[in-house]
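This is input29.txt (compact mmCIF, C-alpha atoms).
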```txt
# COMPACT_ATOMS: atom_id res chain seq x y z
CA MET A 1 -4.21 -8.80 -87.21
CA ASN A 2 -5.05 -6.13 -84.67
CA CYS A 3 -8.60 -5.05 -83.76
CA GLN A 4 -8.78 -2.30 -86.37
CA GLN A 5 -7.64 -4.59 -89.17
CA VAL A 6 -10.04 -7.32 -88.15
CA ARG A 7 -13.01 -4.95 -88.01
CA ARG A 8 -12.27 -3.76 -91.54
CA HIS A 9 -13.00 -7.30 -92.69
CA TRP A 10 -16.42 -7.53 -91.07
CA ASP A 11 -18.28 -7.33 -94.40
CA LEU A 12 -16.35 -10.23 -95.90
CA PHE A 13 -16.69 -12.24 -92.72
CA HIS A 14 -20.42 -11.57 -92.36
CA ASP A 15 -21.11 -12.38 -96.02
CA SER A 16 -18.90 -15.50 -95.98
CA GLU A 17 -16.81 -14.03 -98.77
CA GLY A 18 -13.05 -13.84 -99.25
CA GLU A 19 -10.28 -16.31 -98.62
CA ALA A 20 -10.54 -19.14 -96.10
CA ASP A 21 -7.30 -17.94 -94.54
CA LEU A 22 -8.85 -14.55 -93.81
CA HIS A 23 -11.79 -16.20 -92.06
CA TRP A 24 -9.41 -18.33 -90.03
CA GLN A 25 -7.43 -15.25 -88.93
CA VAL A 26 -10.60 -13.34 -88.02
CA ASN A 27 -11.95 -16.31 -86.08
CA GLU A 28 -8.69 -16.64 -84.19
CA HIS A 29 -8.82 -12.96 -83.24
CA LEU A 30 -12.48 -13.14 -82.17
CA ARG A 31 -11.70 -16.15 -79.98
CA GLN A 32 -9.17 -14.09 -78.07
CA CYS A 33 -10.80 -10.66 -78.14
CA PRO A 34 -14.23 -10.37 -76.46
CA ASP A 35 -14.57 -6.71 -77.48
CA CYS A 36 -14.27 -7.53 -81.16
CA ALA A 37 -16.44 -10.64 -80.76
CA GLU A 38 -19.19 -8.47 -79.30
CA TRP A 39 -18.66 -5.78 -81.95
CA PHE A 40 -18.97 -8.38 -84.74
CA ALA A 41 -22.10 -9.86 -83.16
CA ARG A 42 -23.73 -6.43 -82.90
CA GLN A 43 -22.89 -5.48 -86.45
CA SER A 44 -24.26 -8.75 -87.75
CA ALA A 45 -27.44 -8.49 -85.67
CA LEU A 46 -28.06 -4.97 -86.96
CA GLU A 47 -27.41 -6.03 -90.55
CA GLU A 48 -29.77 -8.98 -90.24
CA THR A 49 -32.49 -6.71 -88.86
CA LEU A 50 -32.11 -4.32 -91.78
CA VAL A 51 -32.17 -7.16 -94.30
CA GLN A 52 -35.31 -8.49 -92.60
CA VAL A 53 -37.02 -5.12 -93.10
CA LEU A 54 -36.02 -5.11 -96.77
CA GLN A 55 -37.04 -8.71 -97.37
CA ALA A 56 -40.38 -8.27 -95.64
CA GLU A 57 -41.72 -6.63 -98.77
CA ALA A 58 -40.31 -9.23 -101.15
CA VAL A 59 -43.77 -10.57 -101.82
CA PRO A 60 -45.09 -10.26 -105.37
CA THR A 61 -48.01 -7.87 -105.87
CA GLY A 62 -50.76 -9.68 -107.73
CA ALA A 63 -51.77 -6.84 -110.07
CA VAL A 64 -48.20 -6.13 -111.18
CA TRP A 65 -47.49 -9.72 -112.14
CA GLU A 66 -50.86 -10.37 -113.73
CA ARG A 67 -50.13 -7.58 -116.16
CA ILE A 68 -46.62 -8.83 -116.87
CA GLU A 69 -47.72 -12.42 -117.24
CA ARG A 70 -50.46 -11.34 -119.66
CA GLU A 71 -47.83 -9.65 -121.83
CA LEU A 72 -45.57 -12.67 -121.74
CA ALA A 73 -48.19 -15.41 -121.87
CA PRO A 74 -48.22 -17.83 -124.81
CA VAL A 75 -50.31 -16.44 -127.69
CA PRO A 76 -53.52 -18.28 -128.62
CA SER A 77 -52.86 -20.96 -131.22
CA VAL A 78 -53.90 -20.45 -134.89
CA SER A 79 -56.55 -23.16 -134.70
CA ARG A 80 -58.10 -21.53 -131.63
CA ARG A 81 -58.17 -18.19 -133.42
CA VAL A 82 -59.76 -19.69 -136.54
CA GLU A 83 -62.45 -21.27 -134.38
CA ALA A 84 -63.11 -17.90 -132.81
CA GLY A 85 -63.32 -16.10 -136.17
CA CYS A 86 -61.06 -13.54 -137.81
CA CYS A 87 -61.85 -10.74 -135.39
CA GLY A 88 -61.62 -12.93 -132.34
CA GLU A 89 -65.38 -13.20 -131.83
CA GLU A 90 -67.21 -16.48 -132.10
CA ARG A 91 -69.45 -16.85 -135.23
CA CYS A 92 -67.72 -13.95 -136.90
CA MET B 1 -45.81 -19.93 -132.90
CA ALA B 2 -45.13 -23.11 -130.91
CA ALA B 3 -41.55 -21.96 -130.40
CA ARG B 4 -42.74 -18.68 -128.90
CA ASP B 5 -45.18 -20.56 -126.67
CA GLU B 6 -42.41 -22.77 -125.43
CA LYS B 7 -40.10 -19.82 -124.89
CA SER B 8 -42.82 -17.97 -123.01
CA THR B 9 -43.67 -20.94 -120.80
CA ARG B 10 -40.02 -21.57 -119.96
CA PHE B 11 -39.40 -17.88 -119.24
CA LEU B 12 -42.39 -17.61 -116.88
CA LEU B 13 -41.34 -20.80 -115.14
CA HIS B 14 -37.86 -19.39 -114.47
CA LEU B 15 -39.35 -16.07 -113.41
CA LYS B 16 -41.94 -17.32 -110.92
CA PRO B 17 -39.66 -17.86 -107.89
CA LEU B 18 -37.97 -14.48 -108.44
CA GLN B 19 -41.09 -12.33 -108.51
CA GLY B 20 -40.98 -11.16 -104.89
CA ALA B 21 -37.29 -10.32 -104.78
CA GLY B 22 -37.36 -8.79 -108.28
CA GLU B 23 -40.29 -6.54 -107.48
CA ALA B 24 -38.82 -5.48 -104.11
CA PHE B 25 -35.44 -4.77 -105.74
CA CYS B 26 -37.11 -2.65 -108.41
CA ARG B 27 -39.30 -0.76 -105.93
CA ARG B 28 -36.43 -0.03 -103.55
CA SER B 29 -34.13 1.05 -106.38
CA LEU B 30 -36.49 3.50 -108.07
CA TYR B 31 -36.58 7.19 -107.18
CA GLU B 32 -40.24 7.24 -108.25
CA THR B 33 -41.91 4.08 -107.00
CA GLU B 34 -45.03 4.79 -109.04
CA LEU B 35 -42.97 3.75 -112.09
CA LEU B 36 -42.59 0.24 -110.67
CA GLU B 37 -44.99 -1.58 -112.99
CA ASP B 38 -43.75 0.10 -116.16
CA VAL B 39 -40.07 -0.36 -115.35
CA LEU B 40 -40.48 -3.96 -114.29
CA GLN B 41 -42.51 -4.75 -117.37
CA GLU B 42 -40.00 -3.04 -119.67
CA ALA B 43 -37.12 -4.95 -118.06
CA LEU B 44 -38.85 -8.29 -118.33
CA MET B 45 -39.96 -7.70 -121.92
CA ARG B 46 -36.34 -6.97 -122.83
CA ALA B 47 -35.16 -10.06 -120.96
CA PHE B 48 -37.82 -12.11 -122.73
CA ARG B 49 -36.76 -10.73 -126.10
CA ASP B 50 -33.17 -11.86 -125.38
CA PHE B 51 -34.17 -15.09 -123.68
CA GLY B 52 -32.87 -17.05 -126.67
CA LEU B 53 -29.36 -15.95 -125.62
CA PHE B 54 -29.79 -17.31 -122.12
CA GLU B 55 -27.96 -20.58 -121.56
CA GLU B 56 -29.95 -23.15 -119.58
CA GLY B 57 -27.99 -24.29 -116.55
CA THR B 58 -26.50 -20.84 -115.90
CA ALA B 59 -27.89 -18.46 -113.30
CA PHE B 60 -31.20 -17.09 -114.61
CA ARG B 61 -31.59 -15.07 -111.41
CA ALA B 62 -28.44 -13.01 -112.04
CA TRP B 63 -29.23 -12.80 -115.74
CA VAL B 64 -32.71 -11.32 -115.25
CA PHE B 65 -31.70 -8.99 -112.39
CA ARG B 66 -29.25 -7.36 -114.78
CA TYR B 67 -32.14 -6.28 -117.02
CA VAL B 68 -34.09 -4.95 -114.05
CA HIS B 69 -31.04 -3.05 -112.82
CA LEU B 70 -30.40 -1.45 -116.22
CA CYS B 71 -34.03 -0.38 -116.63
CA VAL B 72 -34.02 1.08 -113.11
CA LEU B 73 -30.90 3.10 -113.96
CA GLU B 74 -32.55 4.46 -117.10
CA ALA B 75 -35.73 5.36 -115.21
CA ASN B 76 -33.77 7.05 -112.43
CA ARG B 77 -31.80 9.07 -114.97
CA ARG B 78 -35.06 10.24 -116.54
CA SER B 79 -36.49 11.05 -113.10
CA ARG B 80 -33.46 13.14 -112.21
CA THR B 81 -33.67 15.08 -115.46
CA ARG B 82 -37.42 15.57 -115.22
CA ARG B 83 -37.41 16.67 -111.65
CA GLN B 84 -34.17 18.64 -111.87
CA GLU B 85 -33.70 17.33 -108.41
CA VAL B 86 -30.23 17.21 -106.99
CA LEU B 87 -30.04 14.39 -104.53
CA ASP B 88 -27.80 15.11 -101.68
CA VAL B 89 -25.28 12.33 -102.25
CA GLU B 90 -22.07 12.88 -100.41
CA PRO B 91 -18.79 11.95 -102.08
CA ALA B 92 -17.49 8.49 -101.36
CA VAL B 93 -15.10 8.17 -98.47
CA GLU B 94 -12.58 5.44 -99.13
CA GLY B 95 -11.04 3.30 -96.45
CA GLU B 96 -13.60 4.12 -93.82
CA GLY B 97 -14.69 1.24 -91.66
CA LEU B 98 -18.08 0.71 -90.12
CA PRO B 99 -18.94 3.19 -87.39
CA GLU B 100 -19.19 2.15 -83.81
CA PRO B 101 -22.87 1.35 -83.32
CA ASP B 102 -24.77 3.35 -80.77
CA ASP B 103 -24.77 1.06 -77.76
CA GLU B 104 -28.32 1.75 -76.62
CA LEU B 105 -29.74 1.66 -80.13
CA SER B 106 -27.99 -1.63 -80.76
CA GLN B 107 -29.43 -3.03 -77.56
CA TRP B 108 -32.95 -2.12 -78.62
CA LEU B 109 -32.31 -3.61 -82.02
CA LEU B 110 -31.13 -6.80 -80.39
CA HIS B 111 -33.78 -7.07 -77.70
CA ALA B 112 -36.88 -5.60 -79.34
CA PRO B 113 -36.42 -6.13 -83.07
CA ASP B 114 -40.16 -6.25 -83.81
CA SER B 115 -40.84 -2.74 -82.55
CA VAL B 116 -37.77 -1.46 -84.40
CA LEU B 117 -38.84 -3.20 -87.60
CA ASP B 118 -42.21 -1.47 -87.33
CA GLN B 119 -40.63 1.94 -87.01
CA CYS B 120 -37.53 2.14 -89.15
CA GLU B 121 -39.14 1.56 -92.56
CA GLN B 122 -39.37 5.27 -93.42
CA ALA B 123 -35.87 6.05 -92.20
CA LEU B 124 -34.50 3.09 -94.14
CA ARG B 125 -36.22 4.23 -97.33
CA GLY B 126 -34.65 7.67 -96.89
CA ALA B 127 -31.26 6.14 -96.28
CA ILE B 128 -31.38 3.99 -99.39
CA VAL B 129 -32.56 6.74 -101.70
CA ARG B 130 -29.56 8.84 -100.65
CA LEU B 131 -27.05 6.24 -101.74
CA SER B 132 -25.30 6.55 -105.09
CA ASP B 133 -26.64 4.33 -107.90
CA LEU B 134 -23.71 1.96 -107.44
CA GLU B 135 -24.04 1.72 -103.66
CA ARG B 136 -27.80 1.22 -103.85
CA GLY B 137 -27.46 -1.45 -106.53
CA VAL B 138 -24.82 -3.40 -104.62
CA LEU B 139 -26.64 -3.15 -101.29
CA LEU B 140 -30.01 -4.27 -102.68
CA LEU B 141 -28.59 -7.04 -104.84
CA ARG B 142 -26.93 -8.43 -101.73
CA ALA B 143 -29.88 -7.94 -99.35
CA LEU B 144 -32.79 -8.79 -101.65
CA GLY B 145 -31.23 -10.93 -104.35
CA GLU B 146 -28.86 -12.64 -101.88
CA PHE B 147 -26.21 -12.64 -104.58
CA ARG B 148 -22.55 -13.47 -103.98
CA TYR B 149 -20.02 -10.70 -104.60
CA ARG B 150 -18.91 -12.36 -107.86
CA GLU B 151 -22.50 -12.43 -109.15
CA ILE B 152 -23.04 -8.77 -108.19
CA ALA B 153 -19.86 -7.86 -110.06
CA ASP B 154 -21.15 -9.70 -113.15
CA ILE B 155 -24.62 -8.14 -112.95
CA LEU B 156 -23.27 -4.61 -112.62
CA GLY B 157 -20.24 -5.16 -114.88
CA ILE B 158 -17.76 -3.93 -112.27
CA PRO B 159 -14.69 -5.44 -110.56
CA MET B 160 -15.11 -7.46 -107.35
CA GLY B 161 -13.04 -4.91 -105.42
CA THR B 162 -15.54 -2.21 -106.35
CA VAL B 163 -18.40 -4.40 -105.10
CA MET B 164 -16.66 -4.82 -101.75
CA SER B 165 -15.89 -1.15 -101.23
CA ALA B 166 -19.32 0.01 -102.45
CA LEU B 167 -21.13 -2.48 -100.19
CA SER B 168 -19.10 -1.47 -97.17
CA ARG B 169 -19.74 2.22 -97.90
CA ALA B 170 -23.44 1.64 -98.49
CA ARG B 171 -23.86 -0.19 -95.19
CA TRP B 172 -21.95 2.53 -93.37
CA ARG B 173 -24.11 5.27 -94.88
CA VAL B 174 -27.38 3.49 -94.15
CA ARG B 175 -26.41 3.04 -90.49
CA GLN B 176 -25.23 6.61 -90.27
CA HIS B 177 -28.53 7.87 -91.71
CA LEU B 178 -30.56 5.63 -89.39
CA ALA B 179 -28.58 6.84 -86.40
CA GLU B 180 -29.17 10.47 -87.43
CA THR B 181 -32.82 10.27 -88.44
CA GLY B 182 -34.15 6.97 -87.18
CA GLY B 183 -34.53 8.29 -83.69
CA THR B 184 -32.54 8.32 -80.51
CA ALA B 185 -32.19 5.40 -78.17
CA ASP B 186 -34.87 7.05 -75.99
CA ALA B 187 -37.26 7.09 -78.91
CA TRP B 188 -36.60 3.43 -79.59
CA ALA B 189 -37.16 2.73 -75.91
CA SER B 190 -40.56 4.42 -75.83
CA ARG B 191 -41.55 2.63 -79.04
CA SER B 192 -40.55 -0.63 -77.52
CA ASP B 193 -42.50 0.17 -74.33
CA ARG B 194 -45.58 0.91 -76.43
CA ALA B 195 -45.10 -2.40 -78.23
CA ARG B 196 -44.95 -4.20 -74.90
CA GLU B 197 -48.13 -2.48 -73.70
CA ARG B 198 -50.07 -3.71 -76.73
CA PRO B 199 -51.96 -6.97 -76.10
CA GLY B 200 -49.71 -9.71 -77.35
CA GLY B 201 -46.85 -7.19 -77.73
CA ALA B 202 -43.20 -8.13 -77.27
```

When written as structure tokens, how does the structure in this file appear?
Amino acid sequence: MNCQQVRRHWDLFHDSEGEADLHWQVNEHLRQCPDCAEWFARQSALEETLVQVLQAEAVPTGAVWERIERELAPVPSVSRRVEAGCCGEERC
Amino acid sequence: MAARDEKSTRFLLHLKPLQGAGEAFCRRSLYETELLEDVLQEALMRAFRDFGLFEEGTAFRAWVFRYVHLCVLEANRRSRTRRQEVLDVEPAVEGEGLPEPDDELSQWLLHAPDSVLDQCEQALRGAIVRLSDLERGVLLLRALGEFRYREIADILGIPMGTVMSALSRARWRVRQHLAETGGTADAWASRSDRARERPGGA
């Protein structure tokens, strides 16, 4: 593979996707071509930075999930509802 | 009643570790982020309704992201109609490789990532919103969901080859947009200098 062909496979290489043979060929090329090795390193560093920015906000917001969990939470059992009275209030 | 309780408990247990990524995926995918709660809730209620069809031992993560993705698509379609807004999405360019990164910008990204991370949020949001639905979905499923290409293909119901080309295009467009609007290398440099001047800065 020449430089252009190798660089077209950066996505697959970076994501560890595709055939093992492809990775072997890319690795062989990178071993012998410092320009491409540097190009691959830069692309990967940039991609990792962008992913870091995206993942930085992957923290659940309390209010959003409280509402969702309320909707999905197990319903009160029949016995608990009978104890509470037909309208849900105690001593109904 | 006990069956529903058990279903609910199991569903919430599966869901717990995915909350952060699921919410971030939904927020980043929506044209109108204020719809986040409603869209996420709708998606999860639908997933819960169908939870009986989910097979234990298979990937719940991919299964539930599919519901979120579909609800996001519906919401975005409604947003487009309501706003009558034509997003400036350029036609796909096939066979295009990644651009040569700007040398200086790359250097700042490599040597002062913290200051860059602080600054490129807005530009990144703009870049992502300009992607097509397919490109945005593939990019975010990979970055936030950390899904393999095969899983992304299953979630979106598209061939693996389409995942590969859409992901490559999406990455290219995001970088292009960042290079155009995220600031010049000089701007990054001054931001980085400011970061260094701050007490405890890089």

Contacts of chain A with chain B up to 7 Å, shortest pair per row, all atoms listed in the file, as JSON lines:
```
{"residue": "A:Arg8", "atom": "CA", "partner": "B:Gly97", "partner_atom": "CA", "distance": 5.6}
{"residue": "A:Asp11", "atom": "CA", "partner": "B:Ser168", "partner_atom": "CA", "distance": 6.5}
{"residue": "A:Arg42", "atom": "CA", "partner": "B:Ser106", "partner_atom": "CA", "distance": 6.8}
{"residue": "A:Ala45", "atom": "CA", "partner": "B:Leu110", "partner_atom": "CA", "distance": 6.7}
{"residue": "A:Leu46", "atom": "CA", "partner": "B:Leu109", "partner_atom": "CA", "distance": 6.7}
{"residue": "A:Val51", "atom": "CA", "partner": "B:Ala143", "partner_atom": "CA", "distance": 5.6}
{"residue": "A:Val53", "atom": "CA", "partner": "B:Leu117", "partner_atom": "CA", "distance": 6.1}
{"residue": "A:Leu54", "atom": "CA", "partner": "B:Leu144", "partner_atom": "CA", "distance": 6.9}
{"residue": "A:Gln55", "atom": "CA", "partner": "B:Leu144", "partner_atom": "CA", "distance": 6.0}
{"residue": "A:Glu57", "atom": "CA", "partner": "B:Ala24", "partner_atom": "CA", "distance": 6.2}
{"residue": "A:Ala58", "atom": "CA", "partner": "B:Gly20", "partner_atom": "CA", "distance": 4.3}
{"residue": "A:Val59", "atom": "CA", "partner": "B:Gly20", "partner_atom": "CA", "distance": 4.2}
{"residue": "A:Pro60", "atom": "CA", "partner": "B:Gly20", "partner_atom": "CA", "distance": 4.2}
{"residue": "A:Val64", "atom": "CA", "partner": "B:Glu37", "partner_atom": "CA", "distance": 5.9}
{"residue": "A:Ile68", "atom": "CA", "partner": "B:Gln41", "partner_atom": "CA", "distance": 5.8}
{"residue": "A:Leu72", "atom": "CA", "partner": "B:Ser8", "partner_atom": "CA", "distance": 6.1}
{"residue": "A:Ala73", "atom": "CA", "partner": "B:Ser8", "partner_atom": "CA", "distance": 6.1}
{"residue": "A:Pro74", "atom": "CA", "partner": "B:Asp5", "partner_atom": "CA", "distance": 4.5}
{"residue": "A:Val75", "atom": "CA", "partner": "B:Asp5", "partner_atom": "CA", "distance": 6.7}
```

Q.
Can you measure CA of Met160 (chain B) to CA of Arg31 (chain A) for me? One decimal in Å is fine.
A. 28.9 Å

Q.
Quick one: residues within 9 Å of region 35-41 of chain A, only C-alpha atoms, excluding same-chain residues fewer than 2 positions away - as a list of chain:residue names?
A.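 My reading of the contact set: A:Cys3, A:Val6, A:Arg7, A:Trp10, A:His14, A:Asn27, A:His29, A:Leu30, A:Arg31, A:Gln32, A:Cys33, A:Gln43, A:Ser44, A:Ala45, A:Leu46, B:Glu100, B:Pro101.
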
Q) Between B:His69, B:Trp172, B:Gly137, B:Arg61, which is the closest to Leu13 (chain B) once you count all atoms listed in the file? A)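 Distance minimum relative to Leu13 (chain B) lands on B:Arg61.
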
(Q) Ranking B:Leu178, B:Leu53, B:Ile155, B:Leu73 by minimum distance to Ser132 (chain B) and counting only C-alpha atoms, which one comes first? (A) B:Leu73

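The gap separating CA of Ala59 (chain B) from CA of Val129 (chain B) is 28.1 Å, in Å to one decimal.
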
Q: Give me, please, the distance in Å between CA of Gln4 (chain A) and CA of Gln52 (chain A), quoted to one decimal.
A: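 It comes out at 27.9 Å.
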
Q) Which of these residues is nearest to Gly161 (chain B), using all atoms listed in the file: B:Glu180, B:Arg173, B:Cys71, B:Val138? A) B:Val138

Show me, as a compact mmCIF listing (two decimals) with C-alpha atoms, in the frame of the given file, the residues that have an atom within 12 Å of region 56-58 of chain B when counting only C-alpha atoms, minus same-chain residues fewer than 4 positions from it.
```txt
# COMPACT_ATOMS: atom_id res chain seq x y z
CA LYS B 7 -40.10 -19.82 -124.89
CA ARG B 10 -40.02 -21.57 -119.96
CA PHE B 11 -39.40 -17.88 -119.24
CA HIS B 14 -37.86 -19.39 -114.47
CA PHE B 51 -34.17 -15.09 -123.68
CA GLY B 52 -32.87 -17.05 -126.67
CA ALA B 62 -28.44 -13.01 -112.04
CA TRP B 63 -29.23 -12.80 -115.74
CA VAL B 64 -32.71 -11.32 -115.25
CA GLU B 151 -22.50 -12.43 -109.15
```
